[in-house]
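**Q** my_file-v3.tsv is reproduced below (TSV, C-alpha atoms).
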```
chain	number	residue	atom	x	y	z
A	256	MET	CA	33.60	18.33	3.10
A	257	ARG	CA	33.41	19.79	-0.38
A	258	TYR	CA	32.09	17.74	-3.24
A	259	VAL	CA	35.02	16.21	-5.09
A	260	LYS	CA	34.33	14.12	-8.15
A	261	ARG	CA	35.98	10.77	-7.50
A	262	PRO	CA	37.84	8.89	-10.20
A	263	MET	CA	35.74	5.97	-11.42
A	264	THR	CA	36.62	2.84	-13.30
A	265	ILE	CA	33.76	3.62	-15.67
A	266	ALA	CA	32.52	6.80	-17.28
A	267	PRO	CA	28.95	8.09	-16.88
A	268	GLY	CA	26.68	6.95	-19.67
A	269	MET	CA	23.03	7.29	-20.54
A	270	ILE	CA	20.26	6.58	-18.08
A	271	ASP	CA	18.37	3.29	-18.15
A	272	SER	CA	15.64	4.47	-20.53
A	273	ARG	CA	13.55	1.33	-19.97
A	274	LEU	CA	13.20	2.08	-16.27
A	275	ALA	CA	12.19	5.67	-17.07
A	276	ILE	CA	9.59	4.44	-19.56
A	277	LEU	CA	8.16	2.05	-16.96
A	278	ALA	CA	7.74	4.88	-14.46
A	279	VAL	CA	5.97	7.05	-17.04
A	280	MET	CA	3.77	4.14	-18.16
A	281	LEU	CA	2.65	3.47	-14.60
A	282	SER	CA	1.84	7.13	-14.04
A	283	LEU	CA	-0.23	7.29	-17.23
A	284	TRP	CA	-2.03	4.10	-16.23
A	285	GLY	CA	-2.70	5.76	-12.89
A	286	LEU	CA	-4.01	8.87	-14.66
A	287	LEU	CA	-6.50	6.70	-16.58
A	288	MET	CA	-7.62	5.08	-13.34
A	289	VAL	CA	-8.03	8.45	-11.62
A	290	PHE	CA	-10.05	9.63	-14.63
A	291	SER	CA	-12.31	6.60	-14.26
A	292	ALA	CA	-12.61	6.68	-10.46
A	293	SER	CA	-13.06	10.37	-9.67
A	294	PRO	CA	-15.92	11.95	-11.73
A	295	GLU	CA	-18.49	11.82	-8.91
A	296	ILE	CA	-16.23	13.03	-6.13
A	297	SER	CA	-14.71	15.59	-8.49
A	298	GLU	CA	-18.12	17.10	-9.15
A	299	LYS	CA	-18.81	17.11	-5.43
A	300	ASN	CA	-15.59	18.92	-4.53
A	301	PHE	CA	-15.03	21.12	-7.60
A	302	GLY	CA	-18.60	22.07	-8.49
A	303	ALA	CA	-21.46	20.87	-10.65
A	304	GLY	CA	-20.39	19.72	-14.11
A	305	ASN	CA	-16.69	19.52	-13.20
A	306	TYR	CA	-16.04	15.80	-13.62
A	307	PHE	CA	-12.32	16.02	-14.38
A	308	GLY	CA	-10.90	18.25	-11.64
A	309	TYR	CA	-8.81	15.48	-10.10
A	310	THR	CA	-7.76	14.14	-13.48
A	311	LEU	CA	-6.42	17.52	-14.62
A	312	ARG	CA	-4.58	18.00	-11.35
A	313	GLN	CA	-3.04	14.54	-11.61
A	314	ALA	CA	-1.89	15.32	-15.15
A	315	LYS	CA	-0.10	18.43	-13.84
A	316	PHE	CA	1.55	16.38	-11.10
A	317	ILE	CA	2.75	13.87	-13.70
A	318	VAL	CA	4.33	16.58	-15.83
A	319	ALA	CA	6.09	18.03	-12.77
A	320	GLY	CA	7.14	14.56	-11.61
A	321	ILE	CA	8.63	13.58	-14.96
A	322	GLY	CA	10.61	16.82	-15.05
A	323	LEU	CA	11.98	16.21	-11.54
A	324	MET	CA	12.76	12.58	-12.35
A	325	PHE	CA	15.00	13.55	-15.25
A	326	ALA	CA	16.51	16.45	-13.31
A	327	THR	CA	17.41	14.03	-10.50
A	328	ALA	CA	18.68	11.44	-12.99
A	329	PHE	CA	21.27	13.83	-14.39
A	330	ILE	CA	22.54	15.01	-11.01
A	331	ASP	CA	25.76	13.14	-10.21
A	332	TYR	CA	24.76	11.16	-7.14
A	333	HIS	CA	28.31	11.48	-5.78
A	334	ARG	CA	27.33	15.00	-4.75
A	335	TYR	CA	25.37	13.40	-1.92
A	336	GLU	CA	28.70	12.60	-0.27
A	337	SER	CA	28.92	16.24	0.76
A	338	ARG	CA	28.31	16.51	4.50
A	339	ARG	CA	27.13	20.07	4.09
A	340	LEU	CA	24.45	18.99	1.63
A	341	LEU	CA	23.42	16.11	3.90
A	342	ARG	CA	23.04	18.47	6.85
A	343	ILE	CA	20.90	20.81	4.76
A	344	LEU	CA	18.67	17.95	3.56
A	345	PHE	CA	18.25	16.67	7.10
A	346	ALA	CA	17.54	20.13	8.56
A	347	VAL	CA	14.98	21.00	5.87
A	348	THR	CA	13.24	17.65	6.40
A	349	VAL	CA	13.04	18.10	10.18
A	350	VAL	CA	11.76	21.69	9.90
A	351	ALA	CA	9.11	20.65	7.35
A	352	LEU	CA	7.94	17.73	9.51
A	353	ILE	CA	7.61	20.04	12.53
A	354	ALA	CA	6.00	22.90	10.58
A	355	VAL	CA	2.95	20.78	9.66
A	356	HIS	CA	1.69	21.29	13.22
A	357	PHE	CA	1.73	25.07	13.10
A	358	PRO	CA	-0.36	27.56	11.11
A	359	PRO	CA	-0.45	29.31	8.77
A	360	PHE	CA	1.34	26.67	6.64
A	361	GLY	CA	0.51	23.55	8.63
A	362	GLN	CA	-2.83	21.99	7.69
A	363	THR	CA	-4.89	19.31	9.44
A	364	PHE	CA	-7.32	17.01	7.61
A	365	ASN	CA	-9.21	14.05	9.11
A	366	ASN	CA	-7.46	14.53	12.47
A	367	ALA	CA	-4.01	14.18	10.88
A	368	SER	CA	-1.46	17.00	10.67
A	369	ARG	CA	0.56	15.94	7.64
A	370	TRP	CA	0.39	18.79	5.15
A	371	LEU	CA	2.03	22.10	4.40
A	372	GLN	CA	0.05	24.51	2.27
A	373	TYR	CA	0.86	27.83	0.64
A	374	LYS	CA	-2.04	29.26	-1.36
A	375	SER	CA	-3.09	26.45	-3.73
A	376	ILE	CA	0.13	24.42	-3.28
A	377	ARG	CA	-0.06	21.59	-0.76
A	378	CYS	CA	2.58	18.97	0.01
A	379	GLN	CA	3.08	16.11	2.43
A	380	PRO	CA	6.63	16.32	3.86
A	381	ALA	CA	6.63	12.69	5.02
A	382	GLU	CA	6.69	11.52	1.38
A	383	PHE	CA	9.86	13.50	0.72
A	384	ALA	CA	11.36	12.46	4.07
A	385	LYS	CA	11.63	8.94	2.60
A	386	ILE	CA	13.89	10.33	-0.12
A	387	THR	CA	16.03	12.17	2.41
A	388	MET	CA	16.36	9.02	4.49
A	389	VAL	CA	17.53	6.94	1.53
A	390	ILE	CA	20.26	9.47	0.72
A	391	LEU	CA	21.32	10.02	4.34
A	392	ILE	CA	21.50	6.34	5.25
A	393	ALA	CA	23.24	5.41	1.99
A	394	ALA	CA	25.86	8.12	2.50
A	395	GLN	CA	26.44	7.16	6.15
A	396	ILE	CA	26.89	3.46	5.37
A	397	ALA	CA	29.12	4.14	2.36
A	398	ARG	CA	31.32	6.47	4.42
A	399	ARG	CA	31.70	4.00	7.28
A	400	GLY	CA	32.34	0.93	5.15
A	401	GLU	CA	31.56	-2.69	5.97
A	402	GLU	CA	34.14	-3.00	8.75
A	403	ARG	CA	32.72	-0.16	10.85
A	404	MET	CA	29.15	-1.32	10.10
A	405	ARG	CA	29.95	-4.58	11.87
A	406	SER	CA	30.17	-2.59	15.08
A	407	PHE	CA	26.92	-1.73	16.85
A	408	LEU	CA	28.11	1.44	18.59
A	409	ASP	CA	30.23	2.75	15.73
A	410	GLY	CA	28.07	1.55	12.84
A	411	VAL	CA	24.48	0.45	13.37
A	412	PHE	CA	23.52	2.73	16.25
A	413	PRO	CA	24.60	6.10	14.78
A	414	VAL	CA	23.12	5.26	11.37
A	415	MET	CA	19.77	4.30	12.94
A	416	LEU	CA	19.55	7.61	14.79
A	417	PHE	CA	18.56	9.46	11.60
A	418	PRO	CA	15.55	7.31	10.64
A	419	ALA	CA	14.54	6.99	14.30
A	420	LEU	CA	14.27	10.76	14.76
A	421	ILE	CA	12.42	11.20	11.49
A	422	SER	CA	10.08	8.34	12.40
A	423	VAL	CA	9.15	10.00	15.70
A	424	LEU	CA	8.30	13.25	13.91
A	425	ILE	CA	6.21	11.40	11.31
A	426	LEU	CA	4.41	9.37	13.98
A	427	LEU	CA	3.34	12.64	15.58
A	428	GLN	CA	1.50	13.26	12.30
A	429	ASN	CA	-0.51	10.08	12.85
A	430	ASP	CA	1.23	8.34	9.93
A	431	LEU	CA	2.41	4.90	11.01
A	432	GLY	CA	2.62	3.61	7.43
A	433	SER	CA	5.46	5.95	6.47
A	434	VAL	CA	7.28	5.00	9.67
A	435	VAL	CA	7.07	1.31	8.72
A	436	VAL	CA	8.53	2.09	5.28
A	437	ILE	CA	11.37	4.23	6.62
A	438	MET	CA	12.38	1.83	9.39
A	439	GLY	CA	12.02	-1.22	7.13
A	440	VAL	CA	14.24	0.28	4.43
A	441	ALA	CA	16.75	1.50	7.04
A	442	ILE	CA	17.15	-1.99	8.51
A	443	PHE	CA	17.48	-3.50	5.02
A	444	LEU	CA	20.19	-1.01	4.01
A	445	ILE	CA	22.08	-1.59	7.24
A	446	TYR	CA	21.92	-5.33	6.58
A	447	ILE	CA	23.41	-5.10	3.07
A	448	GLY	CA	25.89	-2.57	4.43
A	449	GLY	CA	27.56	-5.29	6.47
A	450	ALA	CA	25.84	-5.22	9.87
A	451	LYS	CA	25.81	-8.38	11.97
A	452	ILE	CA	22.54	-10.29	12.27
A	453	LYS	CA	22.49	-9.95	16.07
A	454	HIS	CA	22.80	-6.18	15.76
A	455	LEU	CA	20.00	-6.12	13.21
A	456	GLY	CA	17.94	-8.17	15.65
A	457	LEU	CA	18.41	-5.51	18.31
A	458	ALA	CA	17.46	-2.76	15.87
A	459	GLY	CA	14.48	-4.78	14.66
A	460	MET	CA	13.21	-5.45	18.20
A	461	ALA	CA	13.54	-1.76	19.07
A	462	ALA	CA	11.60	-0.82	15.92
A	463	ALA	CA	8.94	-3.45	16.67
A	464	ALA	CA	8.54	-2.22	20.25
A	465	PHE	CA	8.23	1.31	18.94
A	466	GLY	CA	5.52	0.18	16.50
A	467	VAL	CA	3.55	-1.72	19.14
A	468	ALA	CA	3.63	1.30	21.45
A	469	ALA	CA	2.42	3.51	18.60
A	470	ILE	CA	-0.52	1.16	18.04
A	471	LEU	CA	-1.47	0.87	21.71
A	472	ILE	CA	-1.67	4.64	22.24
A	473	SER	CA	-4.02	5.07	19.27
A	474	PRO	CA	-7.65	3.89	19.61
A	475	LYS	CA	-8.08	4.29	15.84
A	476	ARG	CA	-5.20	1.89	15.10
A	477	ILE	CA	-6.48	-0.60	17.65
A	478	THR	CA	-9.92	-0.50	16.01
A	479	ARG	CA	-8.40	-1.15	12.58
A	480	ILE	CA	-6.47	-4.15	13.85
A	481	LEU	CA	-9.50	-5.59	15.66
A	482	THR	CA	-11.59	-5.06	12.53
A	483	TRP	CA	-9.03	-6.99	10.51
A	484	PHE	CA	-9.03	-9.90	12.97
A	485	ILE	CA	-12.83	-10.23	13.02
A	486	ASP	CA	-14.05	-12.65	10.34
A	487	GLU	CA	-17.21	-10.65	9.65
A	488	PRO	CA	-16.67	-7.05	10.82
A	489	ASP	CA	-19.44	-4.47	10.97
A	490	PHE	CA	-19.89	-3.79	7.26
A	491	TYR	CA	-21.68	-0.50	7.90
A	492	GLY	CA	-19.18	0.58	10.51
A	493	SER	CA	-15.45	-0.01	10.79
A	494	GLY	CA	-15.52	-2.62	7.99
A	495	TRP	CA	-17.17	-0.37	5.40
A	496	GLN	CA	-14.08	0.62	3.43
A	497	ILE	CA	-12.36	-2.74	3.25
A	498	GLY	CA	-15.68	-4.50	2.69
A	499	ASN	CA	-16.40	-2.42	-0.39
A	500	SER	CA	-12.83	-2.92	-1.59
A	501	LYS	CA	-13.40	-6.69	-1.54
A	502	ILE	CA	-16.69	-6.21	-3.39
A	503	ALA	CA	-14.83	-4.24	-6.07
A	504	PHE	CA	-12.32	-7.03	-6.61
A	505	GLY	CA	-15.03	-9.67	-6.58
A	506	SER	CA	-17.15	-7.76	-9.10
A	507	GLY	CA	-14.25	-7.57	-11.54
A	508	HIS	CA	-13.87	-11.34	-11.94
A	509	ILE	CA	-11.25	-12.18	-14.61
A	510	PHE	CA	-11.48	-9.33	-17.13
A	511	GLY	CA	-13.43	-6.65	-15.25
A	512	CYS	CA	-16.61	-4.78	-16.03
A	513	GLY	CA	-14.90	-2.25	-18.30
A	514	LEU	CA	-13.38	1.22	-18.04
A	515	THR	CA	-15.67	3.72	-16.22
A	516	ASP	CA	-18.29	1.01	-15.60
A	517	GLY	CA	-17.30	0.28	-12.00
A	518	LEU	CA	-19.90	0.96	-9.30
A	519	GLN	CA	-17.83	1.16	-6.11
A	520	LYS	CA	-16.72	4.70	-6.97
A	521	LEU	CA	-20.36	5.83	-6.63
A	522	SER	CA	-19.84	6.80	-2.98
A	523	PHE	CA	-19.51	3.16	-1.86
A	524	LEU	CA	-15.71	3.15	-1.54
A	525	PRO	CA	-14.67	6.58	-0.16
A	526	GLU	CA	-11.94	8.31	-2.15
A	527	ILE	CA	-11.26	5.26	-4.28
A	528	HIS	CA	-9.02	7.44	-6.50
A	529	LYS	CA	-6.46	7.61	-3.67
A	530	GLU	CA	-5.26	4.70	-1.51
A	531	PHE	CA	-7.78	2.22	-2.97
A	532	ILE	CA	-7.06	2.89	-6.64
A	533	LEU	CA	-6.02	-0.76	-7.10
A	534	ALA	CA	-9.57	-1.78	-6.14
A	535	ASN	CA	-10.80	0.28	-9.09
A	536	VAL	CA	-8.33	-1.54	-11.33
A	537	GLY	CA	-9.66	-4.84	-10.01
A	538	GLU	CA	-13.30	-3.92	-10.60
A	539	GLU	CA	-12.91	-2.47	-14.08
A	540	PHE	CA	-10.08	-4.64	-15.45
A	541	GLY	CA	-10.42	-7.71	-13.28
A	542	PHE	CA	-7.78	-10.18	-12.19
A	543	VAL	CA	-5.90	-9.67	-15.47
A	544	GLY	CA	-5.65	-5.92	-14.90
A	545	VAL	CA	-4.40	-6.30	-11.33
A	546	VAL	CA	-1.79	-8.89	-12.31
A	547	ALA	CA	-0.58	-6.74	-15.22
A	548	THR	CA	-0.31	-3.69	-12.95
A	549	LEU	CA	1.64	-5.56	-10.28
A	550	ALA	CA	3.84	-7.11	-12.98
A	551	LEU	CA	4.86	-3.63	-14.17
A	552	PHE	CA	5.70	-2.65	-10.60
A	553	THR	CA	7.70	-5.86	-10.15
A	554	ILE	CA	9.74	-5.18	-13.28
A	555	LEU	CA	10.38	-1.60	-12.14
A	556	VAL	CA	11.58	-2.67	-8.69
A	557	VAL	CA	13.67	-5.57	-10.04
A	558	LYS	CA	15.34	-3.24	-12.55
A	559	GLY	CA	16.14	-0.92	-9.66
A	560	LEU	CA	17.68	-3.77	-7.68
A	561	VAL	CA	19.70	-4.90	-10.69
A	562	THR	CA	20.92	-1.31	-11.10
A	563	ALA	CA	22.03	-1.39	-7.47
A	564	LYS	CA	23.83	-4.70	-7.97
A	565	ASN	CA	25.74	-3.29	-10.94
A	566	ALA	CA	26.47	0.11	-9.38
A	567	GLY	CA	29.97	1.47	-9.78
A	568	ASP	CA	30.52	2.14	-6.06
A	569	PRO	CA	28.95	1.47	-2.63
A	570	LEU	CA	27.15	4.84	-2.45
A	571	GLY	CA	25.35	4.19	-5.72
A	572	ARG	CA	24.56	0.65	-4.63
A	573	TYR	CA	22.92	1.77	-1.38
A	574	ILE	CA	21.01	4.64	-3.00
A	575	ALA	CA	19.55	2.41	-5.71
A	576	PHE	CA	18.75	-0.37	-3.23
A	577	GLY	CA	17.08	2.11	-0.88
A	578	ALA	CA	15.00	3.84	-3.55
A	579	SER	CA	13.90	0.51	-5.03
A	580	CYS	CA	12.92	-0.83	-1.61
A	581	VAL	CA	10.84	2.25	-0.76
A	582	LEU	CA	8.84	1.84	-3.97
A	583	GLY	CA	8.56	-1.93	-3.55
A	584	LEU	CA	7.49	-1.79	0.10
A	585	GLU	CA	4.86	0.86	-0.62
A	586	VAL	CA	3.41	-1.26	-3.43
A	587	LEU	CA	3.40	-4.32	-1.18
A	588	ILE	CA	1.70	-2.57	1.76
A	589	ASN	CA	-0.92	-0.89	-0.44
A	590	THR	CA	-1.73	-4.16	-2.22
A	591	TYR	CA	-2.00	-6.12	1.03
A	592	VAL	CA	-4.30	-3.47	2.54
A	593	VAL	CA	-6.79	-3.31	-0.35
A	594	LEU	CA	-6.88	-7.13	-0.46
A	595	ASP	CA	-7.47	-7.23	3.33
A	596	LEU	CA	-4.28	-9.23	3.94
A	597	ILE	CA	-3.09	-6.76	6.60
A	598	PRO	CA	-4.96	-4.18	8.72
A	599	ASN	CA	-6.16	-1.10	6.91
A	600	LYS	CA	-3.49	1.61	6.65
A	601	GLY	CA	-3.80	4.54	4.32
A	602	MET	CA	-0.79	4.45	1.99
A	603	ALA	CA	-0.73	5.67	-1.59
A	604	MET	CA	0.15	3.31	-4.42
A	605	PRO	CA	3.28	4.76	-6.11
A	606	PHE	CA	2.56	6.37	-9.50
A	607	LEU	CA	-1.10	5.23	-9.45
A	608	SER	CA	-2.86	6.95	-6.55
A	609	TYR	CA	-4.09	10.51	-6.84
A	610	GLY	CA	-1.89	12.96	-4.96
A	611	GLY	CA	0.95	15.26	-5.86
A	612	SER	CA	3.34	14.49	-2.99
A	613	SER	CA	3.30	10.72	-3.42
A	614	LEU	CA	3.50	10.91	-7.21
A	615	VAL	CA	6.33	13.45	-7.34
A	616	ALA	CA	8.26	11.61	-4.61
A	617	SER	CA	7.91	8.35	-6.56
A	618	PHE	CA	9.34	10.02	-9.65
A	619	ILE	CA	12.26	11.44	-7.66
A	620	LEU	CA	13.01	7.98	-6.25
A	621	ALA	CA	13.01	6.64	-9.82
A	622	GLY	CA	15.32	9.53	-10.72
A	623	LEU	CA	17.80	8.46	-8.03
A	624	ILE	CA	17.89	4.96	-9.51
A	625	LEU	CA	18.36	6.45	-12.99
A	626	SER	CA	21.24	8.57	-11.71
A	627	VAL	CA	22.98	5.44	-10.43
A	628	SER	CA	22.21	3.64	-13.71
A	629	ARG	CA	24.51	6.10	-15.51
A	630	TRP	CA	27.46	4.62	-13.59
A	631	THR	CA	26.68	0.91	-13.81
A	632	GLU	CA	29.51	-1.43	-14.73
A	633	LYS	CA	27.59	-3.28	-17.42
A	634	ASP	CA	24.41	-3.09	-19.42
A	635	ILE	CA	21.24	-4.06	-17.63
A	636	ALA	CA	19.68	-6.87	-19.65
A	637	LEU	CA	16.29	-7.02	-17.90
```
If you took the structure in this file and wrote it as structure tokens, what would it be?
**A**
Amino acid sequence: MRYVKRPMTIAPGMIDSRLAILAVMLSLWGLLMVFSASPEISEKNFGAGNYFGYTLRQAKFIVAGIGLMFATAFIDYHRYESRRLLRILFAVTVVALIAVHFPPFGQTFNNASRWLQYKSIRCQPAEFAKITMVILIAAQIARRGEERMRSFLDGVFPVMLFPALISVLILLQNDLGSVVVIMGVAIFLIYIGGAKIKHLGLAGMAAAAFGVAAILISPKRITRILTWFIDEPDFYGSGWQIGNSKIAFGSGHIFGCGLTDGLQKLSFLPEIHKEFILANVGEEFGFVGVVATLALFTILVVKGLVTAKNAGDPLGRYIAFGASCVLGLEVLINTYVVLDLIPNKGMAMPFLSYGGSSLVASFILAGLILSVSRWTEKDIAL
């Protein structure tokens, strides 16, 4: 199927600049937090006197991410209707997810094979697999329409095959968090695509059984869950990381101890500039800083959902809903983990955490929403 520009009832306009500004603001806020949280570990990993190695790298990732966000925003999302393009996206994603297990490009860190590396460039394919899944599922649901999606064999089952296969490949990388995001967003998109509740129940039970099996075969995951259930876990053992995260939040009180004055980054909370960056916000800017940060994320996600609601066609609606839900679910999981509301699971906070793959992928997801915003039927007031 060749890409054919469909006639629309509305003409493409400008992107939703307020959503773009929010994404950039969050990334710059994250850069400030990485600057504050990483001097000690930066000196350790980059050499004596180099306190800003991670900060400079994050700044480069932000520049690249902003460029890709705007490039994605001005790509007509109707191009994703092309079956040839969808096959290419799916094939590249599968090859990348398999390649992480094989040298010379596949790299293993902390007993997890999640990275591809070429010279100084390293990426985590699972982060970009989330983008592929949003586009693939959105295109499949839009092509089938609500009537076919009411059928399990002709609608729900074939659409779920794509995220299921990708989830298996990601689980082999010891990354259950990304699997939860992909399967959660897939079920949500299928629901708004017209699937029956009983069919969603079957898909949900299958996904839940898959998740339980993934936990039971991993001693590390079992330990994390048991640690979460214990009221007073071994602080100097399995409870070290989450214990120090709670200390960081408690030390921040209402307004925090001030930028760069936090103590948990001094080797108490390992790699606080990554998955636990929100704990650094809590320690240095207190309850007010955490609430303000989560408020910005909430506005970003809500604007994405409003963009989806006002989209000019079903494809745009599903793409914007999917991209918004990926960002929202990642924020929710990360926040719940650092607050010890769910078992510990390493997942980056979009736009805030240090790391090129997560940051660039977050910008591309925002770019997909911006692309849809060019075809909305009315102005977005929020």
**Q** Give me, please, the distance in Å between atom CA of Ala278 of chain A and atom CA of Leu341 of chain A, quoted to one decimal.
**A**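 Straight-line distance from atom CA of Ala278 of chain A to atom CA of Leu341 of chain A works out to 26.6 Å.
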**Q** Could you tell me which of A:Ile472, A:Leu594, A:Ala578, A:Val561 comes closest to Ser500 of chain A if we count all atoms listed in the file?
**A**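 With all atoms listed in the file as the atom set, the closest residue is A:Leu594.
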**Q** Of the candidates A:Thr327, A:Thr310, A:Gln428, A:Asn305, which one gets nearest to Phe364 of chain A if we count all atoms listed in the file?
**A**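 Smallest distance to Phe364 of chain A is found for A:Gln428.
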**Q** From the options A:Ile509, A:Val536, A:Leu584, A:Val435, which residue's atoms come nearest to Val423 of chain A, counting all atoms listed in the file?
**A**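 For Val423 of chain A, the nearest of the given residues is A:Val435.
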**Q** Can I get the residues of segment 452-511 of chain A within 9 Å of segment 410-414 of chain A, each with the closest pair of atoms and their distance in Å to one decimal, using only C-alpha atoms, sorted chain first then ascending number, as a Markdown table?
**A**
```
| residue | atom | partner | partner_atom | distance |
| --- | --- | --- | --- | --- |
| A:His454 | CA | A:Val411 | CA | 7.2 |
| A:Leu455 | CA | A:Val411 | CA | 8.0 |
| A:Ala458 | CA | A:Val411 | CA | 8.1 |
```
**Q** With all atoms listed in the file as the counted atoms, please give the residues lying no more than 10 Å from segment 518-527 of chain A, apart from itself and same-chain residues fewer than 3 positions off, as a PDB file with C-alpha atoms, in the coordinates of the input.
**A**
```pdb
ATOM      1  CA  MET A 288      -7.620   5.080 -13.340  1.00  0.00           C
ATOM      2  CA  VAL A 289      -8.030   8.450 -11.620  1.00  0.00           C
ATOM      3  CA  SER A 291     -12.310   6.600 -14.260  1.00  0.00           C
ATOM      4  CA  ALA A 292     -12.610   6.680 -10.460  1.00  0.00           C
ATOM      5  CA  SER A 293     -13.060  10.370  -9.670  1.00  0.00           C
ATOM      6  CA  PRO A 294     -15.920  11.950 -11.730  1.00  0.00           C
ATOM      7  CA  GLU A 295     -18.490  11.820  -8.910  1.00  0.00           C
ATOM      8  CA  ILE A 296     -16.230  13.030  -6.130  1.00  0.00           C
ATOM      9  CA  TRP A 495     -17.170  -0.370   5.400  1.00  0.00           C
ATOM     10  CA  GLN A 496     -14.080   0.620   3.430  1.00  0.00           C
ATOM     11  CA  ILE A 497     -12.360  -2.740   3.250  1.00  0.00           C
ATOM     12  CA  GLY A 498     -15.680  -4.500   2.690  1.00  0.00           C
ATOM     13  CA  ASN A 499     -16.400  -2.420  -0.390  1.00  0.00           C
ATOM     14  CA  SER A 500     -12.830  -2.920  -1.590  1.00  0.00           C
ATOM     15  CA  ILE A 502     -16.690  -6.210  -3.390  1.00  0.00           C
ATOM     16  CA  ALA A 503     -14.830  -4.240  -6.070  1.00  0.00           C
ATOM     17  CA  PHE A 504     -12.320  -7.030  -6.610  1.00  0.00           C
ATOM     18  CA  SER A 506     -17.150  -7.760  -9.100  1.00  0.00           C
ATOM     19  CA  CYS A 512     -16.610  -4.780 -16.030  1.00  0.00           C
ATOM     20  CA  THR A 515     -15.670   3.720 -16.220  1.00  0.00           C
ATOM     21  CA  GLU A 530      -5.260   4.700  -1.510  1.00  0.00           C
ATOM     22  CA  PHE A 531      -7.780   2.220  -2.970  1.00  0.00           C
ATOM     23  CA  ILE A 532      -7.060   2.890  -6.640  1.00  0.00           C
ATOM     24  CA  LEU A 533      -6.020  -0.760  -7.100  1.00  0.00           C
ATOM     25  CA  ALA A 534      -9.570  -1.780  -6.140  1.00  0.00           C
ATOM     26  CA  ASN A 535     -10.800   0.280  -9.090  1.00  0.00           C
ATOM     27  CA  GLU A 538     -13.300  -3.920 -10.600  1.00  0.00           C
ATOM     28  CA  GLU A 539     -12.910  -2.470 -14.080  1.00  0.00           C
ATOM     29  CA  SER A 608      -2.860   6.950  -6.550  1.00  0.00           C
ATOM     30  CA  TYR A 609      -4.090  10.510  -6.840  1.00  0.00           C
TER      31      TYR A 609
END
```
**Q** Pick out the closest residue to Gly466 of chain A from this set: A:Gly448, A:Val436, A:Lys385, A:Phe484. Count only C-alpha atoms.
**A** A:Val436
**Q** Calculate, to one decimal in Å, the centre and edge lengths of the box along x, y and z of the file that holds all listed atoms of segment 435-443 of chain A with 4 Å of margin on each side, and present them as AutoDock Vina command-line options.
**A**
```
--center_x 12.3 --center_y 0.4 --center_z 6.9 --size_x 18.4 --size_y 15.7 --size_z 13.0
```
**Q** Ranking A:Ala354, A:Met388, A:Met602, A:Ile452 by minimum distance to Ile588 of chain A and counting only C-alpha atoms, which one comes first?
**A**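 For Ile588 of chain A, the nearest of the candidates is A:Met602.
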**Q** If you measure from atom CA of Ser612 of chain A to atom CA of Leu444 of chain A, what distance in Å do you get, rounded to one decimal?
**A**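 Going from atom CA of Ser612 of chain A over to atom CA of Leu444 of chain A, I get 23.9 Å.
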**Q** Can you tell me which residues surround segment 616-620 of chain A at a distance of at most 6 Å, considering all atoms listed in the file, apart from same-chain residues fewer than 6 positions away, and format the answer as a list in words?
**A**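 Residues near the query, excluding close chain neighbours: Gly320, Met324, Phe383, Ala578 and Pro605 of chain A.
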**Q** Looking at all atoms listed in the file, which of A:Val557, A:Ser422, A:Ile437, A:Ala450 is the one that sits closest to Asp409 of chain A?
**A**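 Among the listed residues, A:Ala450 lies closest to Asp409 of chain A.
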**Q** What is the distance between atom CA of Leu277 of chain A and atom CA of Ala384 of chain A, in Å to one decimal?
**A** 23.7 Å
